[in-house]
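Peer 1: Can you read through this structure? Questions will come right after.
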Amino acid sequence: MDTRPIGVFDSGIGGLTVVKEIMRILPYEDIVYFGDTARVPYGSKSQETITKFAKQNSRFLLSKDVKAIVIACNTASALALDELNSEFDVPIIGVIKPGANAAVRATKTGRIGIIGTEGTVNSRAYERAIRKLFKEVEIFSLPCPLFVPLVEEGWAEKEVSYMIAKDYLEPFKKFEIDTLVLGCTHYPILTNVIGKIMGEDVTLINPAEETAIELKSILFENGLQNTSKRKPEYTYYVSDNPDKFKKVGGNFLNREIENITKIDIEKF
Ligand code: DGL
C-alpha cells in the first residue's frame, strides 16, 4: 500500500489521453501531471534535446514525491525511456511497449501500420518493440505531423481534419494493414476520422489503455498500489499557458481541470 501519487508527463496537453485511461483503470490513485507546454512540440526535436527535457520533467515529478512515472509522450518514450530508467530509481514506463503488445495481439494478417510524429517514426522504436514479439511481421510507418496542431486547435471533428487525414492515409492503404497503431498522444482524438478513412477492417490501437493496464500490474508487483479507496487528487503543472491547457485539456479529459500551476521547468 502506497498513497504517493503517480507522475505523468507529456510534451503538452496530449498526454491527458493517457491520464484519462489511468483514471479509469486505477480510480483510487492520485496523479500529478506535467505538460511541457512551453517546449512543445517534441515530435520534431533531436534525441539529445528530448532526453534533456525528459530528465528535467522526471526530476520535477520526483520533487512531488511520485512513486512511479509514466511517459505519456510517444516521442519521449521512443527517445528517452532507457536513459530515464538508468538514471532514476522509481518504476518508469513509456507507451511504446504497451502499444506494441496491443498491436501484436490485434493483428491477424501480421501487417501493422504505425503513425506518429517524425521523432517516433524515425526512431523505429515501435518497430523494434513489435518485432521482439512477432518476428515475421510486416511494418509500415508514416509520420502525420499536421495531426497534432489540428487536435490542439480543437478541430478534430472539422472537415479540414478529414481532408488532411485522407491525404496522409489514402496512399498508405495500399499496404493492406489490418492494424494501425495511433502512435502519438493526440491521434486517439482523431479516431473517428482515421477510422472512417482506414475502414472497418483495420483495428485502431490506442496505446494509452494498454499503458494504464501495464502501470496497474507494475504497481501491484511492487506493492505500490493505493488501496485506500478514497477520492483521488489530480494536480496539473505546465511550463506555459495554463489557461489554454485548462480549456483544451478539459475537452481531452471530458472533465474540468482544476489545481493547475505554471512552473519553471528549466530549474530542474
Ligand atoms: N506528445 C507527442 C507524442 O506523443 C506529440 C506532440 C509533440 O510533438 O510534442 O509524440
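Chain labels run A, B, ... following the order of the C-alpha cells; each chain numbers its residues from 1, and ligands are numbered from 1 in the order shown.
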Name the residues, by chain letter and number, that sit within 9 Å of ligand 1 using only C-alpha atoms and all ligand atoms, and give them as a ChimeraX atom specification.

Peer 2: /A:10-15,36-37,39-45,72-78,95,116-120,145,148-149,183-187

Peer 1: Mind checking DSSP for region 69-190 of chain A and telling me the strand (DSSP E or B) residues as a PyMOL selection string?

Peer 2: chain A and resi 69-71+92-93+111-116+138-143+179-183

Peer 1: Residues within 10 Å of region 163-166 of chain A, please, as a compact mmCIF listing (two decimals) with C-alpha atoms, in the first residue's frame. Count only C-alpha atoms; anything in the same chain fewer than 4 positions from it doesn't count.

Peer 2:
# COMPACT_ATOMS: atom_id res chain seq x y z
CA CYS A 144 1.47 12.65 -39.77
CA LEU A 146 -0.24 18.04 -39.04
CA PHE A 147 -2.48 15.94 -36.78
CA LEU A 150 -5.31 20.18 -35.65
CA LYS A 158 -13.86 19.59 -38.71
CA GLU A 159 -13.87 18.84 -42.43
CA GLU A 170 -5.19 7.19 -48.57
CA PRO A 171 -1.80 6.28 -50.16
CA PHE A 172 -0.97 4.26 -47.03
CA LEU A 190 -8.93 11.66 -34.33
CA VAL A 193 -11.72 10.47 -38.76
CA ILE A 194 -8.92 7.92 -39.07
CA LYS A 196 -13.58 6.39 -41.47
CA ILE A 197 -10.63 6.57 -43.87
CA MET A 198 -8.98 3.26 -42.98

Peer 1: Between A:Thr235, A:Asn226, A:Asn259, A:Asn122, which is the closest to Arg4 (chain A) once you count only C-alpha atoms?

Peer 2: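 So, comparing all the options, the nearest one is A:Asn226.
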
Peer 1: If you count only C-alpha atoms, which residues fall within 10 Å of region 247-257 of chain A, apart from same-chain ones fewer than 5 positions away, as a list in words?

Peer 2: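 The contact residues come out as Gly12, Ile13, Gly14, Gly15, Leu16, Thr17, Val18, Val19, Lys20, Glu21, Met23, Val151, Glu152, Glu153, Gly154, His186, Pro188, Ile189, Tyr234, Thr235, Tyr236 and Pro242 of chain A.
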
Peer 1: Residues of region 71-256 of chain A classed as alpha helix (DSSP H) by DSSP on the backbone are to be reported as a PyMOL selection string.

Peer 2: chain A and resi 74-87+96-106+118-123+125-133+147-152+159-169+191-198+207-221+242-253

Peer 1: For Lys97 (chain A), list every protein, DNA or RNA residue within 8 Å, evaluated using only C-alpha atoms, and leave out those in the same chain fewer than 4 positions away; present the list as a list in words.

Peer 2: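 Surrounding residues, per the criterion: Asn101, Tyr126, Ala129 and Ile130 of chain A.
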
Peer 1: Can I get the residues of region 193-250 of chain A within 10 Å of region 64-69 of chain A, each with the closest pair of atoms and their distance in Å to one decimal, using only C-alpha atoms, sorted chain first then ascending number, as JSON lines?

Peer 2:
{"residue": "A:Leu215", "atom": "CA", "partner": "A:Ala68", "partner_atom": "CA", "distance": 8.6}
{"residue": "A:Ile218", "atom": "CA", "partner": "A:Ala68", "partner_atom": "CA", "distance": 9.0}
{"residue": "A:Leu219", "atom": "CA", "partner": "A:Ala68", "partner_atom": "CA", "distance": 8.1}
{"residue": "A:Leu224", "atom": "CA", "partner": "A:Lys67", "partner_atom": "CA", "distance": 7.3}
{"residue": "A:Gln225", "atom": "CA", "partner": "A:Lys67", "partner_atom": "CA", "distance": 9.4}

Peer 1: Name the residues in contact with Arg230 (chain A) at a cut-off of 9 Å, using only C-alpha atoms, excluding same-chain residues fewer than 2 positions from it; report them as a PyMOL selection string.

Peer 2: chain A and resi 28-29+227-228+232

Peer 1: Record the distance separating CA of Val238 (chain A) and CA of Ile115 (chain A), expressed in Å with one decimal.

Peer 2: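 One can read the CA of Val238 (chain A) to CA of Ile115 (chain A) distance as 26.3 Å.
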
Peer 1: What is the distance between CA of Ser58 (chain A) and CA of Ala103 (chain A), in Å to one decimal?

Peer 2: 27.8 Å

Peer 1: When distances are computed from only C-alpha atoms, which of A:Ser63, A:Phe34, A:Ile92, A:Leu79 shows the smallest separation from Glu48 (chain A)?

Peer 2: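 For Glu48 (chain A), the nearest of the given residues is A:Leu79.
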
Peer 1: Give me, please, the distance in Å between CA of Ile265 (chain A) and CA of Ser239 (chain A), quoted to one decimal.

Peer 2: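 The value is 6.2 Å.
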